[in-house]
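Next up, entry-v5.cif (mmCIF, C-alpha atoms):
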```cif
data_query
#
loop_
_atom_site.label_atom_id
_atom_site.label_comp_id
_atom_site.auth_asym_id
_atom_site.auth_seq_id
_atom_site.Cartn_x
_atom_site.Cartn_y
_atom_site.Cartn_z
CA MET A 192 36.03 -14.38 65.29
CA SER A 193 34.64 -10.83 65.39
CA GLU A 194 31.03 -10.68 64.20
CA HIS A 195 28.66 -7.78 63.66
CA VAL A 196 27.24 -6.15 66.77
CA LYS A 197 23.70 -7.30 67.58
CA SER A 198 21.83 -4.42 65.95
CA TRP A 199 18.68 -4.05 63.88
CA TYR A 200 20.98 -3.64 60.89
CA ALA A 201 22.69 -6.99 61.46
CA ALA A 202 19.31 -8.65 62.03
CA THR A 203 18.03 -7.39 58.66
CA ALA A 204 21.25 -7.60 56.62
CA ARG A 205 21.12 -8.93 53.07
CA GLY A 206 23.98 -10.98 51.64
CA ALA A 207 26.21 -10.96 54.72
CA HIS A 208 28.11 -14.13 53.85
CA PRO A 209 31.62 -14.60 55.29
CA ARG A 210 34.77 -13.98 53.26
CA PRO A 211 38.01 -15.91 53.89
CA ALA A 212 40.89 -14.65 55.99
CA LEU A 213 44.18 -13.82 54.29
CA GLU A 214 46.58 -16.75 53.96
CA GLY A 215 50.03 -16.31 52.44
CA THR A 216 51.47 -13.38 50.49
CA VAL A 217 49.47 -11.40 47.94
CA ASP A 218 50.58 -8.69 45.51
CA CYS A 219 48.39 -5.85 44.24
CA ASP A 220 48.44 -2.20 43.21
CA VAL A 221 46.56 -0.86 46.25
CA CYS A 222 46.01 -2.47 49.64
CA ILE A 223 43.18 -0.92 51.65
CA VAL A 224 42.94 -1.44 55.42
CA GLY A 225 39.29 -1.43 56.45
CA ALA A 226 36.09 -2.60 54.72
CA GLY A 227 33.83 0.19 55.88
CA PHE A 228 32.53 2.97 53.65
CA SER A 229 35.95 4.65 53.35
CA GLY A 230 37.62 1.45 52.22
CA LEU A 231 34.79 0.23 49.99
CA SER A 232 34.35 3.57 48.25
CA SER A 233 38.12 3.75 47.73
CA ALA A 234 38.12 0.22 46.31
CA LEU A 235 35.28 0.92 43.86
CA HIS A 236 36.79 4.16 42.60
CA LEU A 237 40.29 2.69 42.34
CA ILE A 238 39.02 -0.35 40.40
CA ASP A 239 37.24 2.02 38.02
CA ALA A 240 40.60 3.77 37.55
CA GLY A 241 42.29 0.48 36.60
CA PHE A 242 44.03 -0.47 39.88
CA ARG A 243 44.22 -4.02 41.26
CA VAL A 244 42.79 -3.76 44.78
CA VAL A 245 42.90 -5.91 47.92
CA VAL A 246 40.90 -4.94 51.04
CA LEU A 247 41.86 -6.24 54.49
CA GLU A 248 39.11 -6.20 57.12
CA ALA A 249 39.83 -7.00 60.77
CA ALA A 250 36.33 -8.35 61.40
CA ARG A 251 33.36 -8.32 58.99
CA ILE A 252 32.39 -5.94 56.19
CA GLY A 253 30.73 -2.91 57.79
CA PHE A 254 31.70 -4.06 61.30
CA GLY A 255 32.48 -0.56 62.60
CA ALA A 256 30.68 2.77 62.26
CA THR A 257 29.60 1.88 58.72
CA GLY A 258 27.25 -0.83 59.97
CA ARG A 259 26.09 0.87 63.16
CA ASN A 260 25.29 4.52 62.37
CA GLY A 261 21.97 6.30 62.12
CA GLY A 262 21.72 5.67 58.39
CA GLN A 263 21.37 9.35 57.52
CA VAL A 264 22.75 10.80 54.28
CA VAL A 265 23.69 14.27 55.55
CA ASN A 266 25.41 16.75 53.27
CA SER A 267 28.49 18.83 54.10
CA PHE A 268 30.82 17.96 56.97
CA SER A 269 30.72 18.10 60.76
CA ARG A 270 31.82 21.74 60.40
CA ASP A 271 30.28 23.64 57.51
CA VAL A 272 31.91 25.89 54.92
CA ASP A 273 31.55 29.03 57.05
CA VAL A 274 33.77 27.47 59.72
CA VAL A 275 36.34 26.46 57.09
CA GLU A 276 36.40 30.02 55.78
CA ALA A 277 36.71 31.59 59.23
CA ARG A 278 39.59 29.31 60.20
CA HIS A 279 41.41 28.72 56.92
CA GLY A 280 40.40 31.44 54.47
CA SER A 281 38.17 31.90 51.43
CA ALA A 282 40.31 29.82 49.06
CA ALA A 283 40.02 26.74 51.28
CA ALA A 284 36.28 27.35 51.69
CA ARG A 285 35.75 27.56 47.92
CA ALA A 286 37.77 24.40 47.26
CA ILE A 287 36.06 22.33 49.94
CA GLY A 288 32.65 23.94 49.48
CA GLY A 289 32.52 22.64 45.93
CA MET A 290 32.43 19.09 47.34
CA ILE A 291 29.85 19.34 50.13
CA PHE A 292 27.07 17.60 48.18
CA GLU A 293 29.21 15.16 46.25
CA GLY A 294 29.20 12.33 48.80
CA GLY A 295 25.43 11.98 48.64
CA ASP A 296 25.51 12.05 44.85
CA ILE A 297 28.12 9.27 44.88
CA ILE A 298 25.93 7.11 47.13
CA ARG A 299 22.88 7.52 44.92
CA GLY A 300 25.01 6.77 41.87
CA LEU A 301 26.40 3.56 43.38
CA ILE A 302 22.92 2.41 44.42
CA ALA A 303 21.63 2.92 40.88
CA ARG A 304 24.68 1.52 39.07
CA HIS A 305 25.02 -1.64 41.15
CA GLY A 306 21.36 -2.21 42.00
CA ILE A 307 21.96 -2.05 45.76
CA ASP A 308 18.85 -2.74 47.84
CA CYS A 309 19.34 -0.57 50.94
CA ASP A 310 15.96 1.15 51.42
CA TYR A 311 17.11 4.60 50.30
CA ARG A 312 14.57 7.36 50.98
CA PRO A 313 15.13 11.03 50.05
CA GLY A 314 14.82 13.95 52.43
CA GLY A 315 16.53 14.99 55.65
CA ILE A 316 15.56 17.67 58.15
CA PHE A 317 17.74 19.78 60.44
CA ALA A 318 15.42 20.65 63.33
CA ALA A 319 15.84 23.84 65.38
CA LEU A 320 14.97 23.98 69.08
CA ASN A 321 15.31 27.75 69.51
CA ALA A 322 15.54 31.04 67.63
CA ARG A 323 19.35 31.00 67.55
CA GLN A 324 19.40 27.63 65.82
CA MET A 325 16.75 28.83 63.37
CA ARG A 326 18.92 31.79 62.40
CA HIS A 327 21.79 29.36 61.86
CA LEU A 328 19.63 27.31 59.49
CA GLU A 329 18.65 30.41 57.54
CA ALA A 330 22.35 31.18 57.03
CA GLN A 331 23.03 27.55 56.13
CA GLN A 332 20.35 27.64 53.45
CA ALA A 333 21.95 30.71 51.90
CA ARG A 334 25.42 29.09 51.94
CA TRP A 335 24.24 25.82 50.45
CA GLU A 336 22.24 27.55 47.73
CA ALA A 337 25.36 29.53 46.83
CA PHE A 338 27.11 26.17 46.28
CA GLY A 339 24.33 24.88 44.04
CA ASN A 340 21.80 23.10 46.28
CA ARG A 341 18.36 24.33 45.20
CA ASP A 342 16.50 21.47 46.91
CA LEU A 343 16.14 23.22 50.27
CA GLN A 344 13.00 24.31 52.10
CA LEU A 345 12.96 26.43 55.24
CA LEU A 346 10.24 25.24 57.62
CA ASP A 347 8.62 27.47 60.22
CA ALA A 348 7.04 26.17 63.43
CA ARG A 349 3.80 25.28 61.67
CA ALA A 350 5.40 23.74 58.59
CA ILE A 351 7.70 21.41 60.53
CA ARG A 352 4.64 19.83 62.19
CA ALA A 353 3.74 18.39 58.79
CA HIS A 354 7.05 16.53 58.85
CA VAL A 355 7.64 15.75 62.55
CA ALA A 356 4.85 15.05 65.05
CA SER A 357 6.64 16.75 67.95
CA GLU A 358 6.25 20.01 69.82
CA ARG A 359 10.00 20.26 70.43
CA TYR A 360 10.95 22.23 67.34
CA VAL A 361 10.49 25.87 66.35
CA GLY A 362 11.36 25.18 62.71
CA GLY A 363 13.84 23.43 60.48
CA LEU A 364 15.55 23.09 57.13
CA LEU A 365 14.52 20.31 54.74
CA ASP A 366 17.24 19.10 52.37
CA LEU A 367 15.81 16.92 49.62
CA ARG A 368 19.36 16.05 48.53
CA GLY A 369 19.78 14.32 51.87
CA GLY A 370 18.03 11.15 52.90
CA HIS A 371 18.32 7.88 54.80
CA LEU A 372 19.08 4.21 54.16
CA HIS A 373 20.16 0.87 55.64
CA PRO A 374 23.93 1.48 55.92
CA LEU A 375 25.01 -2.13 56.44
CA ASN A 376 23.08 -3.24 53.36
CA LEU A 377 24.68 -0.42 51.40
CA ALA A 378 28.13 -1.61 52.52
CA LEU A 379 27.36 -5.24 51.67
CA GLY A 380 26.12 -4.17 48.24
CA GLU A 381 29.27 -2.15 47.66
CA ALA A 382 31.43 -5.09 48.75
CA ALA A 383 29.66 -7.36 46.27
CA ALA A 384 30.28 -4.76 43.55
CA VAL A 385 33.99 -4.64 44.46
CA GLU A 386 34.23 -8.41 44.05
CA ARG A 387 32.22 -8.50 40.80
CA GLN A 388 34.66 -6.01 39.33
CA GLY A 389 37.75 -7.98 40.28
CA GLY A 390 38.67 -6.69 43.73
CA THR A 391 39.42 -9.02 46.64
CA ILE A 392 38.20 -8.67 50.23
CA TYR A 393 39.61 -10.64 53.16
CA GLU A 394 37.70 -10.67 56.43
CA GLN A 395 38.96 -11.63 59.91
CA SER A 396 42.36 -10.31 58.84
CA PRO A 397 43.49 -7.57 61.22
CA VAL A 398 46.70 -5.85 60.19
CA GLU A 399 49.32 -6.26 62.89
CA ARG A 400 52.12 -4.16 61.45
CA ILE A 401 53.06 -2.21 58.35
CA ASP A 402 56.34 -1.92 56.49
CA PHE A 403 56.45 1.70 55.32
CA GLY A 404 58.71 1.34 52.32
CA PRO A 405 58.68 2.15 48.62
CA ARG A 406 56.51 -0.95 48.25
CA PRO A 407 54.45 -1.07 51.48
CA VAL A 408 53.63 -4.38 53.13
CA ALA A 409 50.66 -4.98 55.45
CA TYR A 410 51.18 -8.01 57.70
CA THR A 411 48.38 -10.06 59.25
CA ALA A 412 48.73 -13.10 61.53
CA ARG A 413 48.83 -15.51 58.60
CA GLY A 414 49.75 -13.45 55.59
CA ALA A 415 50.94 -10.25 53.98
CA VAL A 416 49.90 -7.92 51.18
CA ARG A 417 52.57 -6.16 49.12
CA SER A 418 51.38 -3.17 47.14
CA ARG A 419 52.37 -0.03 45.29
CA TYR A 420 50.15 2.01 47.60
CA LEU A 421 48.54 1.45 50.99
CA VAL A 422 45.35 3.21 52.11
CA LEU A 423 44.47 3.35 55.82
CA ALA A 424 40.69 3.50 56.11
CA GLY A 425 39.99 2.03 59.55
CA ASN A 426 38.89 5.26 61.24
CA ALA A 427 37.81 4.62 64.88
CA TYR A 428 38.63 0.92 64.52
CA LEU A 429 42.21 1.36 63.29
CA GLY A 430 43.37 1.25 66.90
CA ASN A 431 47.01 2.05 67.58
CA LEU A 432 48.31 0.48 64.37
CA VAL A 433 49.75 3.89 63.39
CA PRO A 434 50.41 5.86 66.62
CA ARG A 435 50.94 9.12 64.73
CA LEU A 436 47.35 9.00 63.48
CA ALA A 437 45.92 7.79 66.79
CA SER A 438 47.43 10.74 68.67
CA ARG A 439 45.50 13.28 66.57
CA SER A 440 42.04 11.76 66.85
CA MET A 441 39.77 10.19 69.45
CA PRO A 442 37.25 7.34 69.14
CA CYS A 443 33.84 8.26 70.53
CA GLY A 444 30.73 6.17 71.04
CA THR A 445 27.17 6.94 70.08
CA GLN A 446 24.08 4.92 71.00
CA VAL A 447 21.17 3.81 68.83
CA VAL A 448 17.93 1.96 69.49
CA ALA A 449 15.26 0.47 67.26
CA THR A 450 11.77 0.22 68.69
CA GLU A 451 9.34 -2.61 68.28
CA PRO A 452 7.44 -2.49 64.96
CA LEU A 453 4.93 0.36 65.22
CA GLY A 454 2.85 -0.48 62.18
CA GLU A 455 2.74 1.70 59.08
CA ALA A 456 0.01 4.05 60.29
CA ARG A 457 1.67 4.80 63.64
CA ALA A 458 5.12 5.24 62.07
CA ARG A 459 3.76 7.59 59.39
CA ALA A 460 1.97 9.58 62.08
CA LEU A 461 5.39 10.32 63.64
CA LEU A 462 7.15 11.27 60.40
CA PRO A 463 4.45 11.75 57.75
CA GLN A 464 6.86 12.45 54.86
CA ASP A 465 9.29 9.65 55.84
CA HIS A 466 12.20 12.07 56.17
CA CYS A 467 15.05 11.56 58.63
CA VAL A 468 15.72 14.19 61.30
CA GLU A 469 18.65 15.47 63.31
CA ASP A 470 18.44 18.40 65.69
CA CYS A 471 20.86 21.32 65.83
CA ASN A 472 22.25 20.81 69.32
CA PHE A 473 25.96 20.27 69.88
CA MET A 474 25.08 16.88 71.44
CA LEU A 475 22.45 16.12 68.89
CA ASP A 476 19.65 13.56 68.64
CA TYR A 477 18.78 11.90 65.32
CA PHE A 478 15.95 9.64 64.23
CA ARG A 479 14.04 8.12 61.34
CA THR A 480 11.65 5.30 60.61
CA THR A 481 12.73 2.02 59.03
CA ALA A 482 11.37 -0.06 56.17
CA ASP A 483 9.59 -2.33 58.68
CA HIS A 484 8.05 0.69 60.45
CA ARG A 485 10.16 0.99 63.58
CA LEU A 486 11.54 4.23 64.97
CA LEU A 487 15.34 4.23 64.95
CA PHE A 488 16.61 6.83 67.42
CA GLY A 489 20.17 7.76 68.35
CA GLY A 490 21.99 10.32 70.39
CA GLY A 491 24.58 11.12 72.97
CA THR A 492 28.32 10.78 72.80
CA VAL A 493 30.64 8.77 75.02
CA TYR A 494 34.14 10.20 74.73
CA GLY A 495 36.84 7.59 74.57
CA ALA A 496 34.50 4.97 73.08
CA ARG A 497 33.47 3.21 76.28
CA ASP A 498 30.39 1.03 75.92
CA PRO A 499 27.67 2.27 78.29
CA ARG A 500 26.12 -0.28 80.61
CA ASP A 501 22.52 0.68 79.89
CA ILE A 502 21.85 2.13 76.44
CA GLU A 503 18.09 2.17 77.00
CA ALA A 504 18.50 4.36 80.10
CA LEU A 505 20.47 6.88 78.02
CA ILE A 506 18.19 6.97 74.99
CA ARG A 507 14.66 6.51 76.36
CA PRO A 508 14.43 9.98 78.02
CA LYS A 509 15.61 11.60 74.79
CA LEU A 510 13.16 9.68 72.62
CA GLU A 511 10.19 10.28 74.91
CA LYS A 512 10.98 13.99 75.13
CA VAL A 513 10.68 14.22 71.34
CA PHE A 514 7.78 11.78 71.04
CA PRO A 515 5.87 11.56 74.36
CA GLN A 516 3.22 9.58 72.48
CA LEU A 517 5.74 6.69 72.45
CA ALA A 518 6.11 6.54 76.24
CA GLY A 519 6.87 2.98 77.26
CA VAL A 520 7.45 1.72 73.73
CA ARG A 521 9.52 -1.47 73.65
CA PHE A 522 13.08 -1.37 72.34
CA ASP A 523 13.86 -4.51 70.32
CA HIS A 524 17.46 -3.53 69.57
CA ALA A 525 20.00 -1.30 71.31
CA TRP A 526 23.64 -0.93 70.32
CA THR A 527 26.62 1.35 70.38
CA GLY A 528 29.27 2.16 67.80
CA ASN A 529 32.38 4.30 67.54
CA PHE A 530 33.12 7.23 65.27
CA LEU A 531 36.43 9.08 65.07
CA LEU A 532 36.49 12.64 66.36
CA THR A 533 39.09 15.26 65.47
CA LEU A 534 39.75 18.40 67.50
CA SER A 535 38.67 20.64 64.61
CA ARG A 536 35.69 18.37 63.72
CA LEU A 537 37.08 18.49 60.15
CA PRO A 538 38.40 15.36 58.41
CA GLN A 539 42.04 14.35 58.28
CA PHE A 540 43.32 13.25 54.87
CA GLY A 541 47.01 12.92 54.15
CA SER A 542 50.02 10.72 53.46
CA LEU A 543 52.79 9.05 55.42
CA GLY A 544 55.55 9.22 52.87
CA GLU A 545 54.93 8.74 49.16
CA HIS A 546 53.11 5.42 49.21
CA VAL A 547 50.84 5.33 52.29
CA PHE A 548 47.68 7.43 52.50
CA TYR A 549 45.02 7.87 55.18
CA ILE A 550 41.43 9.13 55.34
CA GLN A 551 39.92 9.50 58.81
CA GLY A 552 38.08 11.66 61.31
CA CYS A 553 34.62 12.22 59.85
CA SER A 554 33.47 13.35 63.33
CA GLY A 555 29.92 12.07 62.96
CA HIS A 556 29.32 12.94 59.28
CA GLY A 557 30.79 9.75 57.89
CA VAL A 558 28.16 8.31 55.55
CA THR A 559 28.63 10.94 52.84
CA LEU A 560 32.18 12.05 53.59
CA THR A 561 33.62 8.53 53.38
CA HIS A 562 32.20 8.09 49.89
CA LEU A 563 33.74 11.38 48.78
CA ALA A 564 37.04 10.34 50.37
CA GLY A 565 37.16 7.19 48.24
CA ARG A 566 36.82 9.21 45.07
CA LEU A 567 39.53 11.66 46.17
CA ILE A 568 41.94 8.81 46.99
CA ALA A 569 41.42 7.39 43.50
CA GLU A 570 42.05 10.82 41.97
CA ARG A 571 45.23 11.23 44.02
CA LEU A 572 46.68 7.82 43.13
CA GLY A 573 45.63 8.32 39.54
CA GLY A 574 47.78 11.45 39.29
CA ASP A 575 45.46 14.37 40.13
CA GLY A 576 45.75 15.20 43.81
CA THR A 577 44.24 18.69 43.67
CA ARG A 578 41.04 17.96 45.53
CA PHE A 579 42.65 15.54 47.99
CA ALA A 580 45.21 18.27 48.76
CA ALA A 581 42.44 20.73 49.67
CA PHE A 582 41.60 18.50 52.65
CA ALA A 583 45.19 17.46 53.36
CA ALA A 584 46.10 21.14 53.82
CA LEU A 585 43.78 21.46 56.83
CA PRO A 586 45.74 21.32 60.11
CA HIS A 587 45.62 18.00 62.00
CA LEU A 588 45.68 19.28 65.56
CA PRO A 589 46.44 17.15 68.64
CA PHE A 590 43.92 17.13 71.47
CA PRO A 591 44.93 19.26 74.48
CA GLY A 592 46.35 17.17 77.29
CA GLY A 593 47.49 14.36 75.01
CA ARG A 594 46.01 10.88 75.10
CA LEU A 595 45.76 10.89 78.90
CA LEU A 596 43.63 14.01 79.31
CA ARG A 597 41.85 14.29 75.96
CA VAL A 598 38.72 12.49 77.19
CA PRO A 599 38.01 14.59 80.34
CA LEU A 600 38.94 17.86 78.65
CA THR A 601 36.75 17.15 75.62
CA ALA A 602 33.87 16.10 77.87
CA LEU A 603 34.27 19.36 79.80
CA GLY A 604 34.03 21.33 76.56
CA ALA A 605 30.96 19.35 75.52
CA THR A 606 29.29 20.20 78.85
CA TYR A 607 29.81 23.89 78.11
CA TYR A 608 28.20 23.65 74.67
CA THR A 609 25.35 21.51 75.99
CA LEU A 610 24.58 24.25 78.53
CA ARG A 611 24.59 26.83 75.73
CA ASP A 612 22.11 24.68 73.79
CA ARG A 613 19.79 24.47 76.79
CA LEU A 614 19.92 28.21 77.31
CA GLY A 615 19.49 28.94 73.61
CA LEU A 616 22.74 30.92 73.44
#
```

What does the file become when written as structure tokens?
Amino acid sequence: MSEHVKSWYAATARGAHPRPALEGTVDCDVCIVGAGFSGLSSALHLIDAGFRVVVLEAARIGFGATGRNGGQVVNSFSRDVDVVEARHGSAAARAIGGMIFEGGDIIRGLIARHGIDCDYRPGGIFAALNARQMRHLEAQQARWEAFGNRDLQLLDARAIRAHVASERYVGGLLDLRGGHLHPLNLALGEAAAVERQGGTIYEQSPVERIDFGPRPVAYTARGAVRSRYLVLAGNAYLGNLVPRLASRSMPCGTQVVATEPLGEARARALLPQDHCVEDCNFMLDYFRTTADHRLLFGGGTVYGARDPRDIEALIRPKLEKVFPQLAGVRFDHAWTGNFLLTLSRLPQFGSLGEHVFYIQGCSGHGVTLTHLAGRLIAERLGGDGTRFAAFAALPHLPFPGGRLLRVPLTALGATYYTLRDRLGL
């Protein structure tokens, strides 16, 4: 039995009751592999469109990145619209740029519609450590305002102190259409909504093989699901089920800690407006406070998704550099989780034939992008694939060196960009 990792999220989860494993053969319109945000958003949108949906989860709902991430609702994608335009042209940038705030809107809509208790708080800050990063944020504000986001505030060195009690930052960009939440509780609330509306979720049911035919079949150890369409939504936890997808992406680990309870006054002294924060480095740090007044702090990337031996040793120097006033603070929880990285840092949406679809490779921006992906899958299977096609047209590039060398070569590239960050270049 695969259970949730021992995280602060798992310790404070609401409604995490077990679902049965698949037994026997089941028929439906759409079979979804993976009960993370990609799969759950797909299920909710497909049910709304009139499809009969079955979700197969290898472990527990929200077991993977969905239930382990920093809990930040960050708009856009791991590469912003300017990168899309530079690489793929203005038409692609316009098509994709029109969707950069939609994922967050979907999340807020689901919370309101289904009454999901997941501690949502508005407001997210991108924090700059040098003048170059500040210029980047100024350009980002202009881009995002051009696409309709008027809830942005540029913060200078003095203004950011009112939001973050740290001397690390020279300024930042506050996005009030961003925010933070308890991601595992959001997933559990979405799963309950799927079931209330007639969908079925099986846990502890890893898919062992797939029959790619005109009526796809997903086989587990004790059962099978036959469907009109199959959606692969496992991301970094899909494994090698579909080698073609695995060869064009790479699981990577990130580490998160939750401190001991700080008390409301001490927590608010760190982040007076209760906004979440991520810095602008290539290897970024991210942090926020929780509903029970802890600091949740994450950062670093382990290429190839190896679990580090000592998470505290990796995170404590980062945390204490940002908040030296927390030197020696106790960590009550420390965990790691995998996200799926693509070479371009842009998502990979597409199809394997006419009946099997995939959504993967959020590259660290999964909370919002996965919710958008679910809506686009429902549009595509419902007959309008225009917006799904805008993402599917982006090239899905293999990592240099293949599966053997992708980890050391990517780590080498990351070292280069980390040095640039330190030098402010």

Would you give me, as a Markdown table, each residue of stretch 239-318 of chain A having an atom within 9 Å of an atom of stretch 441-462 of chain A, along with its shortest atom pair and that distance in Å to one decimal, using all atoms listed in the file and sorting by chain and residue number?
```
| residue | atom | partner | partner_atom | distance |
| --- | --- | --- | --- | --- |
| A:Arg259 | CA | A:Val447 | CA | 8.1 |
| A:Asn260 | CA | A:Val447 | CA | 7.7 |
| A:Gly261 | CA | A:Val447 | CA | 7.2 |
```

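For the set A:Tyr311, A:Phe540, A:Phe582, A:Tyr420, the residue with the smallest atom-to-atom gap to A:Leu237 is A:Tyr420, counting all atoms listed in the file.
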
If you apply the PyMOL selection byres ((chain A and resi 519) around 12) to this file, what residues do you get, as an mmCIF file with C-alpha atoms, in the coordinates of the input?
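After the write, selection.cif holds the following:
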```cif
data_model
loop_
_atom_site.group_PDB
_atom_site.id
_atom_site.type_symbol
_atom_site.label_atom_id
_atom_site.label_comp_id
_atom_site.auth_asym_id
_atom_site.auth_seq_id
_atom_site.Cartn_x
_atom_site.Cartn_y
_atom_site.Cartn_z
ATOM 1 C CA THR A 450 11.770 0.220 68.690
ATOM 2 C CA GLU A 451 9.340 -2.610 68.280
ATOM 3 C CA GLU A 503 18.090 2.170 77.000
ATOM 4 C CA ARG A 507 14.660 6.510 76.360
ATOM 5 C CA PRO A 508 14.430 9.980 78.020
ATOM 6 C CA LEU A 510 13.160 9.680 72.620
ATOM 7 C CA GLU A 511 10.190 10.280 74.910
ATOM 8 C CA LYS A 512 10.980 13.990 75.130
ATOM 9 C CA PHE A 514 7.780 11.780 71.040
ATOM 10 C CA PRO A 515 5.870 11.560 74.360
ATOM 11 C CA GLN A 516 3.220 9.580 72.480
ATOM 12 C CA LEU A 517 5.740 6.690 72.450
ATOM 13 C CA ALA A 518 6.110 6.540 76.240
ATOM 14 C CA VAL A 520 7.450 1.720 73.730
ATOM 15 C CA ARG A 521 9.520 -1.470 73.650
ATOM 16 C CA PHE A 522 13.080 -1.370 72.340
#
```

Within 10 Å of A:Glu399 using all atoms listed in the file, minus same-chain residues under 5 positions, as a VMD selection string: chain A and resid 249 409 to 412 415 431 to 432

Residues just named, written with C-alpha atoms as a CSV table (one decimal), keeping the file's coordinate frame:
```csv
chain,number,residue,atom,x,y,z
A,249,ALA,CA,39.8,-7.0,60.8
A,409,ALA,CA,50.7,-5.0,55.4
A,410,TYR,CA,51.2,-8.0,57.7
A,411,THR,CA,48.4,-10.1,59.2
A,412,ALA,CA,48.7,-13.1,61.5
A,415,ALA,CA,50.9,-10.2,54.0
A,431,ASN,CA,47.0,2.0,67.6
A,432,LEU,CA,48.3,0.5,64.4
```

Assuming the chain letters and numbering stay as they are in my file, what does the PyMOL selection byres ((chain A and resi 389) around 12) actually select? List them as a list in words. Cys219, Ala234, Leu235, Leu237, Ile238, Asp239, Gly241, Phe242, Arg243, Val244, Val245, Val246, Ala382, Ala383, Ala384, Val385, Glu386, Arg387, Gln388, Gly390, Thr391 and Ile392 of chain A

So, with only C-alpha atoms as the atoms that count, which of A:Ile291, A:Ala322, A:Leu572, A:Ala202 lies closest to A:Ser269? A:Ile291

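Take atom CA of A:Gly289 and atom CA of A:Arg270: the distance between them is 14.5 Å.
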
Pairwise distance for atom CA of A:Asn376 and atom CA of A:Cys309, rounded to one decimal in Å: 5.2 Å

Could you spell out the hits of the PyMOL selection byres ((chain A and resi 332) around 10) on the shown file, as a CSV table (one decimal) with C-alpha atoms, in the frame of the given file?
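Contents of out_9.csv, as written:
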```
chain,number,residue,atom,x,y,z
A,326,ARG,CA,18.9,31.8,62.4
A,327,HIS,CA,21.8,29.4,61.9
A,328,LEU,CA,19.6,27.3,59.5
A,329,GLU,CA,18.6,30.4,57.5
A,330,ALA,CA,22.4,31.2,57.0
A,331,GLN,CA,23.0,27.6,56.1
A,333,ALA,CA,22.0,30.7,51.9
A,334,ARG,CA,25.4,29.1,51.9
A,335,TRP,CA,24.2,25.8,50.4
A,336,GLU,CA,22.2,27.6,47.7
A,337,ALA,CA,25.4,29.5,46.8
A,338,PHE,CA,27.1,26.2,46.3
A,340,ASN,CA,21.8,23.1,46.3
A,341,ARG,CA,18.4,24.3,45.2
A,342,ASP,CA,16.5,21.5,46.9
A,343,LEU,CA,16.1,23.2,50.3
A,344,GLN,CA,13.0,24.3,52.1
A,345,LEU,CA,13.0,26.4,55.2
A,364,LEU,CA,15.6,23.1,57.1
A,365,LEU,CA,14.5,20.3,54.7
A,366,ASP,CA,17.2,19.1,52.4
```

Any idea what's packed within 9 Å of A:Val272, counting all atoms listed in the file, ignoring anything in its chain fewer than 4 positions away? Could you give it as a tab-separated table (two decimals) with C-alpha atoms, in the frame of the given file?
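Result file is out.tsv:
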```tsv
chain	number	residue	atom	x	y	z
A	267	SER	CA	28.49	18.83	54.10
A	268	PHE	CA	30.82	17.96	56.97
A	276	GLU	CA	36.40	30.02	55.78
A	277	ALA	CA	36.71	31.59	59.23
A	283	ALA	CA	40.02	26.74	51.28
A	284	ALA	CA	36.28	27.35	51.69
A	285	ARG	CA	35.75	27.56	47.92
A	287	ILE	CA	36.06	22.33	49.94
A	288	GLY	CA	32.65	23.94	49.48
A	291	ILE	CA	29.85	19.34	50.13
A	334	ARG	CA	25.42	29.09	51.94
A	335	TRP	CA	24.24	25.82	50.45
```

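When atom CA of A:Arg278 is paired with atom CA of A:Met290, their separation reads 17.9 Å.
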
Polymer residues at most 10 Å from A:Val433, all atoms listed in the file, same-chain spacing of 2 or more positions, as a list in words: Arg400, Ile401, Leu423, Leu429, Gly430, Asn431, Arg435, Leu436, Ala437, Ser438 and Leu543 of chain A

Could you check which of A:Ser396, A:Ala286, A:Leu320, A:Ala504 is closest to A:Arg210, using only C-alpha atoms? A:Ser396

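Of the listed residues A:His373, A:His208, A:Arg485, A:Arg368, the one whose atoms come nearest to A:Thr257 is A:His373, with distances taken using all atoms listed in the file.
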